[in-house]
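Engineer: Before we start, here is the structure in question, set down as structure tokens.
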Amino acid sequence: MKTLEKNAPIEASSPTLVEVSIIEIDADQAGQRLDNFLIARLKGVPRSKVYNVIRKGEVRVNKGRIKPEYKLVAGDLIRIPPIRTAEAGTEAKASHHMMALLANSILYEDEGLLVVNKPPGLAVHGGSGITLGLIETLRQMRPDARHLELVHRLDRDTSGCIMVAKKRSYLRHLQAALREKSAGEGGIQKVYQALVLGEWSKRCNQINAPLLKTEVAGGERIVKVHPDGKPSLTEFKLLCRYEGFSLIEARPITGRTHQIRVHAQYAGHSLVGDEKYGNDEINTAMRIVGIKRLFLHASALAFYLPGSDKLTRVDAPLPADLALPLASLRIIE
């Protein structure tokens with residue numbers, strides 16, 4: 001059995017990693033998700049292969065089976081099995097257009113953090129048939145940035161603010177902050193804008209309903225309000241009423257999968273363009289108007305940087321593919 005030094009990367013310098021490897025996590029590496037840690041280090045290994053060996057139990061943490069989303073802790077021992085890697089030079093390359101688009105989409109940057117206005121249709125990472133996502137493209141754009149990691153995630157069809165850490169210390173700080181309830185308590189406040197069906201009541205300013213995530217045929221994830229689900233809280237605010245629709249602001253206090261979409265549906269007002277929880281007939285009609293995807297945009301983030309007591313807020317305006325068709329709807333006074 002081969003033991004690697006704590007910070008030694010596993011490079012795809014040969015077609016196969018032929019020995020079992022053990023890596024001990026140090027304090028600088030702690031706080032990362034297991035899947036992100038492995039993907040960043042198993043150069044040339046397809047993302048789907050990484051998830052496959054985790055789920056089959058071939059990757060172990062402290063000798064036990066583990067889930068991909070597990071957050072690493074200093075002192076953890078990770079067992080990595082022999083893995084066949086991709087041939088050298090087969091890594092997909094980001095297009096000049098995509099790199100230019102992301103370069104122009106950076107809303108905020110300092111020594112340890114990027115906040116990017118993610119374009120709609122771009123996955124945050126590759127996998128499940130997607131060759132390149134946001135994080136892979138950013139790593140190609142910034143080859144000298146060794147520690148680029150997603151702080152949180154957005155669904156592929158959702159546009160707007162997403163944080164990418166440039167330093168491990170920022171990643172740990174911000175991910176810990178995500179577990180806090182709000183920016184006012186030292187946490188991170190996420191603000192979204194969504195267009196929903198019907199007339200949203202001004203009195204509906206909070207949905208507190210547990211959410212249960214299940215998988216159906218084909219591995220598709222479905223989330224529903226269920227007493228056996230996890231506690232889930234979303235704050236809502238009516239921004240504007242249109243004929244047949246309402247523009248709302250949503251602030252998820254918890255961070256469950258599809259939380260805003262399912263809570264809005266539970267309130268009787270599914271999101272426009274939502275193919276999973278929405279109204280197919282309305283969605284088809286709205287495509288003619290110009291809304292051709294999920295009308296959900298991460299419009300702002302508010303957070304505290306490490307060592308600072310000043311609240312930082314970053315805003316992203318509605319993108320043109322949502323703003324232009326929205327302007328064509330008739331406002332109701």
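FYI, nothing fancy with the structure tokens labels: chains A, B, ... in order, residues from 1 per chain, ligands from 1 as they appear.
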Write out as a list of chain:residue names which residues come within 12 Å of A:Lys276 when counting only C-alpha atoms, dropping same-chain ones fewer than 4 positions away.

Structural biologist: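 That gives A:Glu220, A:Arg221, A:Ile222, A:Val223, A:Lys224, A:His258, A:Arg261, A:Val262, A:Gln265, A:Ser270, A:Leu271, A:Val272, A:Asp280, A:Asn283, A:Arg293, A:Leu294.
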
Engineer: Create the file for the chosen residues now, containing C-alpha atoms and written as a PDB file, in the first residue's frame.

Structural biologist:
ATOM      1  CA  GLU A 220     -34.120  11.894 -11.378  1.00  0.00           C
ATOM      2  CA  ARG A 221     -34.463  13.851  -8.131  1.00  0.00           C
ATOM      3  CA  ILE A 222     -37.929  14.898  -7.000  1.00  0.00           C
ATOM      4  CA  VAL A 223     -38.511  17.084  -3.945  1.00  0.00           C
ATOM      5  CA  LYS A 224     -41.851  17.476  -2.185  1.00  0.00           C
ATOM      6  CA  HIS A 258     -35.085  22.902  -5.262  1.00  0.00           C
ATOM      7  CA  ARG A 261     -39.273  26.059  -6.547  1.00  0.00           C
ATOM      8  CA  VAL A 262     -41.055  23.568  -4.290  1.00  0.00           C
ATOM      9  CA  GLN A 265     -45.404  25.449  -5.784  1.00  0.00           C
ATOM     10  CA  SER A 270     -45.149  27.519  -9.388  1.00  0.00           C
ATOM     11  CA  LEU A 271     -42.270  29.201 -11.185  1.00  0.00           C
ATOM     12  CA  VAL A 272     -42.565  30.118 -14.852  1.00  0.00           C
ATOM     13  CA  ASP A 280     -46.519  22.725 -18.895  1.00  0.00           C
ATOM     14  CA  ASN A 283     -44.549  27.211 -19.874  1.00  0.00           C
ATOM     15  CA  ARG A 293     -36.041  28.670 -19.312  1.00  0.00           C
ATOM     16  CA  LEU A 294     -36.634  28.596 -15.576  1.00  0.00           C
TER      17      LEU A 294
END

Engineer: Give the alpha helix (DSSP H) residues of stretch 106-298 of chain A, as DSSP finds them on the backbone, and put them as a PyMOL selection string.

Structural biologist: chain A and resi 134-141+168-178+259-266+280-289

Engineer: Pick the closest to A:Ile207 from A:Ile188, A:Ala264, A:Ala27, A:Leu154: which is it, counting only C-alpha atoms?

Structural biologist: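 Comparing A:Ile188, A:Ala264, A:Ala27, A:Leu154 against A:Ile207, the winner is A:Ala264.
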
Engineer: For A:Pro68, which residue among A:Gln259, A:Ser232, A:Ser48, A:Ser159 is the nearest when counting only C-alpha atoms?

Structural biologist: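 Of A:Gln259, A:Ser232, A:Ser48, A:Ser159, the one nearest A:Pro68 is A:Ser48, counting only C-alpha atoms.
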
Engineer: Determine which residues of stretch 168-286 of chain A DSSP labels as strand (DSSP E) from the backbone of this structure, then write them out as JSON, numbers by chain.

Structural biologist: {"A": [189, 190, 191, 192, 193, 194, 195, 196, 197, 206, 207, 208, 211, 212, 213, 214, 215, 221, 222, 223, 224, 225, 233, 234, 235, 236, 237, 238, 239, 240, 241, 242, 245, 246, 247, 248, 249, 250, 251, 252]}

Engineer: Give me the residues within 6 Å of A:His297 as a VMD selection string, counting only C-alpha atoms and dropping any in the same chain fewer than 6 places off.

Structural biologist: chain A and resid 158 to 160 192 to 193

Engineer: Please list as a short mmCIF file (atom, residue, chain, number, x, y, z; two decimals) with all heavy atoms, in the first residue's frame every residue within 9 Å of A:Leu197, counting only C-alpha atoms and excluding residues in the same chain fewer than 4 positions away.

Structural biologist:
data_model
loop_
_atom_site.label_atom_id
_atom_site.label_comp_id
_atom_site.auth_asym_id
_atom_site.auth_seq_id
_atom_site.Cartn_x
_atom_site.Cartn_y
_atom_site.Cartn_z
N GLY A 244 -51.67 37.90 -14.57
CA GLY A 244 -51.51 36.45 -14.54
C GLY A 244 -50.24 35.97 -13.85
O GLY A 244 -50.06 34.76 -13.68
N PHE A 245 -49.38 36.91 -13.44
CA PHE A 245 -48.09 36.51 -12.87
C PHE A 245 -47.67 37.47 -11.75
O PHE A 245 -48.22 38.56 -11.62
CB PHE A 245 -46.99 36.50 -13.95
CG PHE A 245 -47.33 35.65 -15.13
CD1 PHE A 245 -47.92 36.19 -16.27
CD2 PHE A 245 -47.06 34.29 -15.12
CE1 PHE A 245 -48.24 35.41 -17.35
CE2 PHE A 245 -47.36 33.50 -16.21
CZ PHE A 245 -47.96 34.05 -17.33
N SER A 246 -46.66 37.04 -10.97
CA SER A 246 -46.09 37.89 -9.93
C SER A 246 -44.58 37.73 -9.94
O SER A 246 -44.06 36.61 -10.04
CB SER A 246 -46.62 37.49 -8.55
OG SER A 246 -48.03 37.64 -8.47
N GLY A 268 -48.97 27.48 -4.10
CA GLY A 268 -49.93 27.58 -5.19
C GLY A 268 -49.46 28.44 -6.35
O GLY A 268 -50.27 28.79 -7.22
N HIS A 269 -48.15 28.73 -6.39
CA HIS A 269 -47.62 29.64 -7.42
C HIS A 269 -46.31 29.09 -7.97
O HIS A 269 -45.22 29.55 -7.58
CB HIS A 269 -47.41 31.04 -6.85
CG HIS A 269 -48.63 31.64 -6.22
ND1 HIS A 269 -49.63 32.22 -6.95
CD2 HIS A 269 -49.00 31.73 -4.92
CE1 HIS A 269 -50.57 32.67 -6.13
NE2 HIS A 269 -50.22 32.37 -4.90
N SER A 270 -46.37 28.11 -8.85
CA SER A 270 -45.15 27.52 -9.39
C SER A 270 -44.40 28.51 -10.27
O SER A 270 -44.98 29.47 -10.80
CB SER A 270 -45.46 26.25 -10.18
OG SER A 270 -46.38 26.52 -11.23
N LEU A 271 -43.10 28.30 -10.40
CA LEU A 271 -42.27 29.20 -11.18
C LEU A 271 -42.52 29.03 -12.68
O LEU A 271 -42.69 27.91 -13.19
CB LEU A 271 -40.78 28.95 -10.90
CG LEU A 271 -40.16 29.76 -9.74
CD1 LEU A 271 -40.82 29.43 -8.42
CD2 LEU A 271 -38.66 29.53 -9.68
N VAL A 272 -42.48 30.14 -13.39
CA VAL A 272 -42.56 30.12 -14.85
C VAL A 272 -41.32 29.41 -15.40
O VAL A 272 -40.20 29.66 -14.94
CB VAL A 272 -42.66 31.55 -15.42
CG1 VAL A 272 -42.52 31.54 -16.94
CG2 VAL A 272 -43.97 32.19 -15.00
N GLY A 278 -43.66 22.89 -12.51
CA GLY A 278 -44.52 23.94 -13.03
C GLY A 278 -45.67 23.46 -13.88
O GLY A 278 -46.02 22.28 -13.89
N ASN A 279 -46.24 24.41 -14.63
CA ASN A 279 -47.40 24.17 -15.48
C ASN A 279 -46.94 24.10 -16.94
O ASN A 279 -46.50 25.10 -17.51
CB ASN A 279 -48.42 25.31 -15.28
CG ASN A 279 -49.69 25.11 -16.07
OD1 ASN A 279 -49.68 25.00 -17.29
ND2 ASN A 279 -50.82 25.10 -15.37
N ILE A 282 -48.68 26.58 -19.45
CA ILE A 282 -48.22 27.96 -19.28
C ILE A 282 -46.78 28.11 -19.76
O ILE A 282 -46.42 29.10 -20.42
CB ILE A 282 -48.35 28.41 -17.81
CG1 ILE A 282 -49.81 28.40 -17.37
CG2 ILE A 282 -47.73 29.79 -17.63
CD1 ILE A 282 -50.68 29.40 -18.09
#

Engineer: I'd like the contact shell of A:Pro306 - 10 Å cut-off, only C-alpha atoms, skipping same-chain residues fewer than 6 positions apart - returned as an NGL selection string.

Structural biologist: :A and (112 or 169-174)

Engineer: Deliver the residues from the most recent selection as a file, using C-alpha atoms, as a PDB file, in the first residue's frame.

Structural biologist:
ATOM      1  CA  GLY A 112      -9.517  34.987  -1.818  1.00  0.00           C
ATOM      2  CA  SER A 169      -9.151  29.742   4.224  1.00  0.00           C
ATOM      3  CA  TYR A 170     -11.930  31.579   2.367  1.00  0.00           C
ATOM      4  CA  LEU A 171     -13.606  28.302   1.402  1.00  0.00           C
ATOM      5  CA  ARG A 172     -13.713  27.149   5.024  1.00  0.00           C
ATOM      6  CA  HIS A 173     -14.922  30.533   6.280  1.00  0.00           C
ATOM      7  CA  LEU A 174     -17.687  30.915   3.697  1.00  0.00           C
TER       8      LEU A 174
END

Engineer: Considering only C-alpha atoms, can you say which of A:Met163, A:Ile260, A:Ile25, A:Leu239 comes closest to A:Asp110?

Structural biologist: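 So, comparing all the options, the nearest one is A:Met163.
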
Engineer: Can you work out the spacing between atom CA of A:Ile288 and atom CA of A:Arg241 in Å, to one decimal?

Structural biologist: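 Going from atom CA of A:Ile288 over to atom CA of A:Arg241, I get 20.2 Å.
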
Engineer: What is the distance, in Å and to one decimal place, between atom CA of A:Leu38 and atom CA of A:Leu102?

Structural biologist: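 Straight-line distance from atom CA of A:Leu38 to atom CA of A:Leu102 works out to 24.6 Å.
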